[in-house]
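Below you'll find the structure, written out as structure tokens, and then a few comments.
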Amino acid sequence: MDSRSKFVMSVLLSSFFSLNAQQSSLIQEDSTPQDVEGRAMDDFQFEVQNISGVLTSRKNLFDRTMAYEWSSNFFKRRFLENDHFNLMLNGVSLNKEDTGRPSWANLGGLNDALRQQVNYPMMNDTPYGIGGLSGSLNFLTEANKQRKGLKLSLAAASKNYRYRLMATYSSQVSKNGWAYMISASLREGEEGFREGTDYSAHSFIAAVDRSFGKNHLFNATFIYAWNKRGKSSPLTAEVYELKKARYNSYWGFLGQKKLNSREKLICEPIFQFNYQFYPKGNLKIESHFTYQFGRTASSRLDYGGGRFIDGFNVVVGGGKNPDPVYYQKLPSYHLRMNENPDLKGAYLAEKDLLKHGQIRWDEIFMENRNTLDNYSIYALYEDVSESYSWSFQNGISFLKGKNFHLENVTSFKGGKFQNFAQIKDLLGGKGFLDVDGFEKDINRSQNDLRNYNRIVKQGDKFKYNYELEHKSIETFFRAKYSMKKFDLYSSFQLEFRSYQRDGLYENGNYKGSLSFGKSIKKSFLTKAFKSGGLYKFNGRHLLSFNVNYLERPPFLNKAYSNVRISNEYVRELRPDINYGFDLSYFWRSRFFNLRIAGYRLFLKDHTKISYYFSEGISNAEIVGEGAFVQEVLRGIDMNHMGLEASLEVPLGGGWNLKGAASFGRSNYSSNPDIYLTSTAFKKPLDLGKSYLKGYISSGSPQNVYSLGFEYSSPDYWWISGSLNHFDGSYVNVAPIKRSKNFVLDSDGLLLNNLDMKKVNESLEQEQLESYMNLNVVGGKSWKIEKWYVGFFVSLNNILNTIYRTGGFEQSRVSNYTQMREELKRPKPLFGPKYWYSNGATFFTSLYLRI
């Protein structure tokens with residue numbers, strides 16, 4: 001019996017109810033929607049609209065606890081990544097075609113203008129599409145539905161930005177059917193909790209409605225959000241011990257100013273035109289046209305600049321890694337030889353890190369100015385993605401009587417990404433040689449054979465340059481049926497998607513059509529199904545269930561093994577498959593509100609691509625050397641299961657006791673295929689299986705508990721506090737260390753004198769310590785004639801506890817011989833890197849509404 005048959009059988013046999021004690025240490029969900037880097041969306045507070053029979057107009061306690069208490073600790077509901085969540089604007093999905101994820105920065109700073117929203121719970125479908133396993137959120141921008149009047153607010157914070165200004169105005173509906181809404185905000189901060197993390201953002205939205213009687217409504221919406229922020233670095237245990245949690249290695253002083261080498265810029269404006277037509281009372285037609293374009297850019301330092309020696313046909317040059325925590329600059333490097341440690345070198349390295357420990361921009365400028373012909377050794381460049389996308393969506397909704405509701409939505413989408421590297425600053429030099437400085441052969445080193453040994457200037461494209469074109473057609477059907485005791489729904493979706501790479505550079509390692517010109521076009525036809533319902537025992541006892549089977553085409557960032565310089569697709573590329581079911585029970589009474597939910601999810605045939613420099617690879621072509629590789633994992637299977645619970649108890653006098661908990665377990669359930677590609681060897685290196693089965697998913701605590709109180713005064717002030725406990729976070733394991741490469745020599749033979757017990761011990765997954773935090777939030781409002789004034793203050797982690805929220809193993813050491821030496825050292829050279837929590841932070845806001 002195959003996995004799909006087993007799934008169907010498990011539902012039919014109601015295996016959900018047979019979860020044994022071993023399965024009761026389960027998983028969680030996706031706290032707040034997060035950005036492409038995994039951080040919680042800045043500034044949004046979510047409000048859920050009424051969902052008949054299940055939720056009230058106020059967001060349920062479990063969702064509130066997730067959003068406001070757990071999200072800052074990388075909690076992922078049900079262990080699902082953000083590509084399982086669907087973000088919509090007036091029913092049109094805004095998820096990116098390259099990553100599958102929503103970009104929350106496109107809507108950042110527009111809280112007041114986007115308060116009209118509908119939240120569709122986990123595993124439920126929507127009226128516009130089938131959605132994912134992690135639910136959907138739809139922002140509505142119809143101006144006639146906004147709260148009328150003017151609102152001004154001023155906020156101060158200490159986490160990401162330092163202050164925020166926001167203004168929003170919504171008009172009344174005029175006699176001839178016009179209404180409009182505008183909002184703008186500004187967020188600024190030279191530094192957040194992490195050192196050197198500058199922040200600057202400004203946002204604007206305008207929406208205009210025109211209604212013609214009761215049958216026609218036109219809406220036009222424009223959103224512009226510009227966001228630039230400095231990134232922060234993960235830390236090894238050695239660096240954290242010396243520099244603590246606020247340390248960030250990505251910046252340095254340039255004069256008196258802190259300059260971050262890794263800044264991310266996002267600016268992707270959105271135009272949308274919406275039309276609603278009601279030809280009859282039981283029929284509704286909606287049409288949407290959406291166009292989005294813009295640019296994202298992430299900067300970093302290149303230290304491989306050189307110059308071509310004519311006559312010798314070679315490139316010389318290159319600089320030292322400017323990273324202040326590069327392993328050769330740390331005390332551990334000088335102590336690596338146990339028999340003969342360099343104590344003086346370790347002392348000086350520690351002293352230098354404590355005193356300085358930042359990028360030395362002045363030395364970089366000096367080296368560039370002192371080179372022959374002033375060609376830069378170091379350059380600051382950006383990885384840029386310029387894109388546009390369009391979609392046309394049409395939906396028909398039909399209501400027969402009061403019980404049967406039928407919907408169909410068809411959408412057409414297309415667009416293009418152009419990705420390239422671009423020189424941002426030559427840092428005192430006059431040009432930069434566009435070759436791969438680590439490649440010995442002059443022909444193979446060319447980033448573009450059609451521009452041989454090209455010298456690039458500020459603003460020029462270099463390194464790589466390619467386009468990705470995508471097109472899709474999607475049709476969705478949904479039927480709902482309501483009875484006295486039952487509400488039932490079923491939905492089905494078909495999608496056809498195609499894409500193609502067009503290389504604009506001919507890379508020296510992938511000559512001709514291997515990198516230049518258009519690749520073979522790939523197409524996928526996928527299907528998805530959801531069904532579920534609600535059983536109403538009475539008004540106080542409710543039982544809901546959902547069953548999902550979802551296929552989705554691989555996203556663009558998982559389609560090519562080395563997309564920047566090669567047209568080669570991932571081997572045996574196929575769609576992801578996700579399926580599962582959940583069951584929820586609601587008990588609402590005068591004395592308490594209780595919600596308990598259980599779920600079981602299966603993620604099949606997923607693909608993951610990672611990029612890193614590694615040593616100890618079992619390939620005879622690179623004996624004694626390392627290589628920058630692309631690691632491709634195919635056939636990744638994951639099992640997720642868990643319980644969620646929340647309880648509210650009114651105590652009288654405005655006091656409420658509240659509690660929420662999530663118990664879960666997520667682990668690899670297969671041993672995926674692993675292979676490496678690299679310009680360092682001629683053909684892909686097949687490493688067979690990566691033995692990941694049984695390892696725990698990383699990136700989220702397994703078990704989370706929250707206990708707190710709320711008080712609401714009749715004098716319009718309120719306060720809430722909660723104590724939260726997080727347990728069961730694990731470090732992300734390196735797949736290459738769980739492959740045969742770990743125990744093979746460069747000649748492909750088994751390493752000598754292997755002690756398999758010690759080998760297995762070295763591969764044990766690290767569990768992070770459990771931790772707690774305490775949060776308090778409160779506020780007050782006043783009405784002064786026709787004016788409303790209010791403020792609130794949020795204090796997070798007020799005990800100022802520092803803890804590790806996640807981490808990952810480095811893949812540089814990929815062989816047991818190297819690992820054995822690492823384990824002997826008092827401090828490893830390439831130990832895991834960790835993300836650390838913020839200390840105590842605050843957010844406070846003062847508003848005026850007229």
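So you can find residues: chains in the structure tokens are A, B, ... in the order shown, residues in each start at 1, and ligands are numbered from 1 in order.
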
Which polymer residues have any atom within 9 Å of an atom of stretch 805-808 of chain A, counting only C-alpha atoms, with same-chain residues fewer than 3 positions away left out, as a PyMOL selection string?
chain A and resi 73-74+234-235+698-701+729-734+768+832-837

Give me the residues within 7 Å of stretch 239-253 of chain A as a list in words, counting only C-alpha atoms and dropping any in the same chain fewer than 5 places off.
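Once the adjacent positions are removed, what remains is Phe193, Arg194, Glu195, Gly196, Ser232, Ser233, Lys258, Leu259, Asn260, Ser261, Arg262, Asp323, Pro324, Val325, Leu354, Gln358, Ile359, Arg360, Trp361 and Tyr836 of chain A.
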
I need the chosen residues saved as a PDB file, in the first residue's frame, with N, CA and C atoms.
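Here's the written file out14.pdb:
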```pdb
ATOM      1  N   PHE A 193      18.011  46.559  18.494  1.00  0.00           N
ATOM      2  CA  PHE A 193      18.632  45.864  19.622  1.00  0.00           C
ATOM      3  C   PHE A 193      20.026  45.368  19.250  1.00  0.00           C
ATOM      4  N   ARG A 194      20.194  44.867  18.015  1.00  0.00           N
ATOM      5  CA  ARG A 194      21.501  44.421  17.539  1.00  0.00           C
ATOM      6  C   ARG A 194      22.324  45.621  17.069  1.00  0.00           C
ATOM      7  N   GLU A 195      23.608  45.586  17.320  1.00  0.00           N
ATOM      8  CA  GLU A 195      24.494  46.667  16.909  1.00  0.00           C
ATOM      9  C   GLU A 195      24.525  46.800  15.385  1.00  0.00           C
ATOM     10  N   GLY A 196      24.529  48.031  14.911  1.00  0.00           N
ATOM     11  CA  GLY A 196      24.729  48.283  13.497  1.00  0.00           C
ATOM     12  C   GLY A 196      23.562  47.938  12.603  1.00  0.00           C
ATOM     13  N   SER A 232      21.790  41.234  10.776  1.00  0.00           N
ATOM     14  CA  SER A 232      22.627  40.857  11.917  1.00  0.00           C
ATOM     15  C   SER A 232      23.114  39.429  11.733  1.00  0.00           C
ATOM     16  N   SER A 233      24.240  39.106  12.343  1.00  0.00           N
ATOM     17  CA  SER A 233      24.917  37.830  12.110  1.00  0.00           C
ATOM     18  C   SER A 233      24.587  36.802  13.188  1.00  0.00           C
ATOM     19  N   LYS A 258      28.483  54.159  11.712  1.00  0.00           N
ATOM     20  CA  LYS A 258      28.437  52.710  11.607  1.00  0.00           C
ATOM     21  C   LYS A 258      27.899  52.330  10.235  1.00  0.00           C
ATOM     22  N   LEU A 259      28.684  51.564   9.478  1.00  0.00           N
ATOM     23  CA  LEU A 259      28.294  51.151   8.137  1.00  0.00           C
ATOM     24  C   LEU A 259      28.149  49.638   8.110  1.00  0.00           C
ATOM     25  N   ASN A 260      26.935  49.159   7.815  1.00  0.00           N
ATOM     26  CA  ASN A 260      26.658  47.731   7.746  1.00  0.00           C
ATOM     27  C   ASN A 260      26.934  47.241   6.330  1.00  0.00           C
ATOM     28  N   SER A 261      27.749  46.187   6.205  1.00  0.00           N
ATOM     29  CA  SER A 261      28.082  45.652   4.880  1.00  0.00           C
ATOM     30  C   SER A 261      26.940  44.840   4.287  1.00  0.00           C
ATOM     31  N   ARG A 262      25.974  44.436   5.109  1.00  0.00           N
ATOM     32  CA  ARG A 262      24.881  43.598   4.631  1.00  0.00           C
ATOM     33  C   ARG A 262      23.546  44.290   4.912  1.00  0.00           C
ATOM     34  N   ASP A 323      35.710  39.557   7.288  1.00  0.00           N
ATOM     35  CA  ASP A 323      34.824  39.221   8.400  1.00  0.00           C
ATOM     36  C   ASP A 323      35.624  39.220   9.702  1.00  0.00           C
ATOM     37  N   PRO A 324      35.252  40.040  10.688  1.00  0.00           N
ATOM     38  CA  PRO A 324      36.031  40.105  11.936  1.00  0.00           C
ATOM     39  C   PRO A 324      35.973  38.824  12.753  1.00  0.00           C
ATOM     40  N   VAL A 325      35.022  37.919  12.467  1.00  0.00           N
ATOM     41  CA  VAL A 325      34.973  36.639  13.183  1.00  0.00           C
ATOM     42  C   VAL A 325      35.282  35.477  12.235  1.00  0.00           C
ATOM     43  N   LEU A 354      37.793  41.779  21.396  1.00  0.00           N
ATOM     44  CA  LEU A 354      37.112  42.516  22.454  1.00  0.00           C
ATOM     45  C   LEU A 354      37.193  44.026  22.228  1.00  0.00           C
ATOM     46  N   GLN A 358      35.101  44.541  14.575  1.00  0.00           N
ATOM     47  CA  GLN A 358      34.203  45.002  13.523  1.00  0.00           C
ATOM     48  C   GLN A 358      34.970  45.100  12.198  1.00  0.00           C
ATOM     49  N   ILE A 359      34.241  45.275  11.103  1.00  0.00           N
ATOM     50  CA  ILE A 359      34.874  45.438   9.790  1.00  0.00           C
ATOM     51  C   ILE A 359      35.707  46.719   9.800  1.00  0.00           C
ATOM     52  N   ARG A 360      36.901  46.645   9.247  1.00  0.00           N
ATOM     53  CA  ARG A 360      37.820  47.791   9.254  1.00  0.00           C
ATOM     54  C   ARG A 360      37.780  48.464   7.884  1.00  0.00           C
ATOM     55  N   TRP A 361      36.799  49.342   7.739  1.00  0.00           N
ATOM     56  CA  TRP A 361      36.591  49.994   6.450  1.00  0.00           C
ATOM     57  C   TRP A 361      37.799  50.845   6.050  1.00  0.00           C
ATOM     58  N   TYR A 836      20.413  34.314  18.850  1.00  0.00           N
ATOM     59  CA  TYR A 836      20.138  34.632  20.250  1.00  0.00           C
ATOM     60  C   TYR A 836      18.958  35.593  20.353  1.00  0.00           C
TER      61      TYR A 836
END
```

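Residues in contact with A:Phe462 at 8 Å, where only C-alpha atoms are counted and same-chain residues fewer than 4 positions away are skipped, are listed as Phe420, Ala421, Gln422, Ile423, Asp434, Asn447 and Val456 of chain A.
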
Residue selection dump (N, CA, C and O atoms) as a PDB file, in the first residue's frame:
```pdb
ATOM      1  N   PHE A 420      20.876  39.557 -10.857  1.00  0.00           N
ATOM      2  CA  PHE A 420      22.263  39.854 -11.209  1.00  0.00           C
ATOM      3  C   PHE A 420      22.978  40.430  -9.992  1.00  0.00           C
ATOM      4  O   PHE A 420      22.347  40.832  -9.004  1.00  0.00           O
ATOM      5  N   ALA A 421      24.303  40.449 -10.080  1.00  0.00           N
ATOM      6  CA  ALA A 421      25.116  41.149  -9.080  1.00  0.00           C
ATOM      7  C   ALA A 421      25.494  42.505  -9.651  1.00  0.00           C
ATOM      8  O   ALA A 421      25.699  42.645 -10.863  1.00  0.00           O
ATOM      9  N   GLN A 422      25.576  43.502  -8.776  1.00  0.00           N
ATOM     10  CA  GLN A 422      25.846  44.866  -9.222  1.00  0.00           C
ATOM     11  C   GLN A 422      26.802  45.550  -8.253  1.00  0.00           C
ATOM     12  O   GLN A 422      26.623  45.464  -7.029  1.00  0.00           O
ATOM     13  N   ILE A 423      27.807  46.225  -8.802  1.00  0.00           N
ATOM     14  CA  ILE A 423      28.762  46.952  -7.964  1.00  0.00           C
ATOM     15  C   ILE A 423      28.059  48.137  -7.301  1.00  0.00           C
ATOM     16  O   ILE A 423      27.475  48.996  -7.966  1.00  0.00           O
ATOM     17  N   ASP A 434      36.156  41.336 -13.406  1.00  0.00           N
ATOM     18  CA  ASP A 434      34.997  40.445 -13.333  1.00  0.00           C
ATOM     19  C   ASP A 434      35.382  39.009 -13.694  1.00  0.00           C
ATOM     20  O   ASP A 434      35.020  38.488 -14.760  1.00  0.00           O
ATOM     21  N   ASN A 447      33.487  35.085 -15.693  1.00  0.00           N
ATOM     22  CA  ASN A 447      32.060  35.126 -15.361  1.00  0.00           C
ATOM     23  C   ASN A 447      31.207  35.311 -16.603  1.00  0.00           C
ATOM     24  O   ASN A 447      30.055  34.881 -16.634  1.00  0.00           O
ATOM     25  N   VAL A 456      34.754  46.246 -14.347  1.00  0.00           N
ATOM     26  CA  VAL A 456      33.447  46.846 -14.077  1.00  0.00           C
ATOM     27  C   VAL A 456      33.601  48.044 -13.146  1.00  0.00           C
ATOM     28  O   VAL A 456      34.523  48.099 -12.319  1.00  0.00           O
TER      29      VAL A 456
END
```

Just list the residues in stretch 460-683 of chain A DSSP gives strand (DSSP E or B) on the backbone, as a ChimeraX atom specification.
/A:461-482,486-503,517-518,522-536,541-552,560,569,576-588,593-615,627-652,655-668,673-677

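Once A:Lys824 and its same-chain neighbours fewer than 2 positions away are set aside, Leu335, Arg336, Met337, Asn338, Glu339, Ser762, Thr817, Gln818, Met819, Arg820, Glu821, Glu822, Pro826, Lys827, Pro828 and Leu829 of chain A remain within 12 Å of it when counting only C-alpha atoms.
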
So that I can check the surroundings of stretch 111-117 of chain A, please list as a ChimeraX atom specification every protein, DNA and RNA residue that reaches within 10 Å of it, counting only C-alpha atoms and ignoring chain neighbours fewer than 2 positions away.
/A:42-49,88-90,107-109,119-120,137-143,145-147,151-153,166-170,181-185,204-207

Those selected residues, please, written with C-alpha atoms and delivered as a PDB file, in the first residue's frame.
```pdb
ATOM      1  CA  ASP A  42       7.079  44.040  11.635  1.00  0.00           C
ATOM      2  CA  ASP A  43       4.201  46.173  12.853  1.00  0.00           C
ATOM      3  CA  PHE A  44       1.120  44.092  12.020  1.00  0.00           C
ATOM      4  CA  GLN A  45      -1.646  43.364  14.494  1.00  0.00           C
ATOM      5  CA  PHE A  46      -4.168  40.910  13.159  1.00  0.00           C
ATOM      6  CA  GLU A  47      -7.932  41.069  13.564  1.00  0.00           C
ATOM      7  CA  VAL A  48     -10.092  38.118  12.589  1.00  0.00           C
ATOM      8  CA  GLN A  49     -13.507  38.593  11.104  1.00  0.00           C
ATOM      9  CA  MET A  88      -3.947  37.964  -0.267  1.00  0.00           C
ATOM     10  CA  LEU A  89      -4.900  41.485  -1.255  1.00  0.00           C
ATOM     11  CA  ASN A  90      -8.620  41.657  -2.057  1.00  0.00           C
ATOM     12  CA  LEU A 107       2.725  45.961   3.279  1.00  0.00           C
ATOM     13  CA  GLY A 108       4.833  47.139   6.213  1.00  0.00           C
ATOM     14  CA  GLY A 109       3.870  50.281   8.111  1.00  0.00           C
ATOM     15  CA  ASN A 119      -8.286  35.281   8.447  1.00  0.00           C
ATOM     16  CA  TYR A 120      -8.949  31.751   7.172  1.00  0.00           C
ATOM     17  CA  LEU A 137      -5.064  36.111   5.344  1.00  0.00           C
ATOM     18  CA  ASN A 138      -6.937  38.491   3.049  1.00  0.00           C
ATOM     19  CA  PHE A 139      -6.511  42.271   3.335  1.00  0.00           C
ATOM     20  CA  LEU A 140      -9.450  44.324   2.061  1.00  0.00           C
ATOM     21  CA  THR A 141      -8.905  47.849   0.749  1.00  0.00           C
ATOM     22  CA  GLU A 142     -12.434  48.913  -0.219  1.00  0.00           C
ATOM     23  CA  ALA A 143     -12.484  52.540   0.884  1.00  0.00           C
ATOM     24  CA  LYS A 145     -15.603  49.872   4.416  1.00  0.00           C
ATOM     25  CA  GLN A 146     -12.836  51.733   6.272  1.00  0.00           C
ATOM     26  CA  ARG A 147     -13.323  53.518   9.593  1.00  0.00           C
ATOM     27  CA  LYS A 151      -6.045  58.976  12.717  1.00  0.00           C
ATOM     28  CA  LEU A 152      -2.546  60.102  13.697  1.00  0.00           C
ATOM     29  CA  SER A 153      -0.106  58.005  15.689  1.00  0.00           C
ATOM     30  CA  MET A 166       1.618  57.225  10.801  1.00  0.00           C
ATOM     31  CA  ALA A 167      -1.374  59.107   9.370  1.00  0.00           C
ATOM     32  CA  THR A 168      -4.554  57.625   7.872  1.00  0.00           C
ATOM     33  CA  TYR A 169      -7.664  59.295   6.485  1.00  0.00           C
ATOM     34  CA  SER A 170     -10.856  57.681   5.151  1.00  0.00           C
ATOM     35  CA  MET A 181      -8.674  56.220   1.758  1.00  0.00           C
ATOM     36  CA  ILE A 182      -5.031  57.262   2.081  1.00  0.00           C
ATOM     37  CA  SER A 183      -2.364  56.359   4.610  1.00  0.00           C
ATOM     38  CA  ALA A 184       1.352  56.995   5.011  1.00  0.00           C
ATOM     39  CA  SER A 185       4.000  56.068   7.543  1.00  0.00           C
ATOM     40  CA  PHE A 204       1.978  54.792   1.302  1.00  0.00           C
ATOM     41  CA  ILE A 205      -1.406  53.412   0.273  1.00  0.00           C
ATOM     42  CA  ALA A 206      -4.274  54.982  -1.643  1.00  0.00           C
ATOM     43  CA  ALA A 207      -7.606  53.349  -2.436  1.00  0.00           C
TER      44      ALA A 207
END
```

What is the distance between atom CA of A:Val173 and atom CA of A:Pro269, in Å to one decimal?
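Interatomic distance, atom CA of A:Val173 to atom CA of A:Pro269: 26.5 Å.
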
Write out as an MDAnalysis selection string the residues lying within 10 Å of A:Lys424, counting only C-alpha atoms and excluding same-chain residues fewer than 2 positions away.
chainID A and resid 299:301 379:383 421:422 426:427 457:461

Dump N, CA and C atoms for the selected residues as a compact mmCIF listing (two decimals), in the first residue's frame?
```txt
# COMPACT_ATOMS: atom_id res chain seq x y z
N SER A 299 23.23 43.52 0.03
CA SER A 299 24.65 43.85 -0.18
C SER A 299 25.57 42.93 0.61
N ARG A 300 26.81 42.83 0.15
CA ARG A 300 27.85 42.10 0.86
C ARG A 300 29.20 42.47 0.28
N LEU A 301 30.27 42.10 0.98
CA LEU A 301 31.62 42.42 0.54
C LEU A 301 32.20 41.29 -0.31
N ALA A 379 35.28 45.06 -2.86
CA ALA A 379 34.18 45.85 -3.42
C ALA A 379 32.90 45.49 -2.68
N LEU A 380 32.07 46.48 -2.52
CA LEU A 380 30.76 46.26 -1.94
C LEU A 380 29.78 46.09 -3.10
N TYR A 381 29.08 44.95 -3.12
CA TYR A 381 28.16 44.71 -4.23
C TYR A 381 26.81 44.25 -3.69
N GLU A 382 25.83 44.21 -4.60
CA GLU A 382 24.48 43.79 -4.23
C GLU A 382 24.04 42.62 -5.11
N ASP A 383 23.36 41.67 -4.47
CA ASP A 383 22.62 40.65 -5.20
C ASP A 383 21.23 41.22 -5.44
N ALA A 421 24.30 40.45 -10.08
CA ALA A 421 25.12 41.15 -9.08
C ALA A 421 25.49 42.50 -9.65
N GLN A 422 25.58 43.50 -8.78
CA GLN A 422 25.85 44.87 -9.22
C GLN A 422 26.80 45.55 -8.25
N LEU A 426 33.10 50.81 -5.09
CA LEU A 426 34.45 50.26 -5.32
C LEU A 426 35.38 50.54 -4.15
N LEU A 427 34.91 51.22 -3.13
CA LEU A 427 35.64 51.42 -1.87
C LEU A 427 37.04 51.98 -2.09
N LYS A 457 32.69 48.99 -13.31
CA LYS A 457 32.66 50.22 -12.51
C LYS A 457 31.42 50.21 -11.61
N GLN A 458 31.32 51.24 -10.79
CA GLN A 458 30.17 51.37 -9.91
C GLN A 458 28.88 51.41 -10.72
N GLY A 459 27.90 50.58 -10.31
CA GLY A 459 26.62 50.51 -11.01
C GLY A 459 26.57 49.45 -12.09
N ASP A 460 27.73 48.85 -12.46
CA ASP A 460 27.75 47.83 -13.50
C ASP A 460 27.29 46.48 -12.96
N LYS A 461 26.65 45.69 -13.83
CA LYS A 461 26.33 44.30 -13.51
C LYS A 461 27.57 43.45 -13.71
```
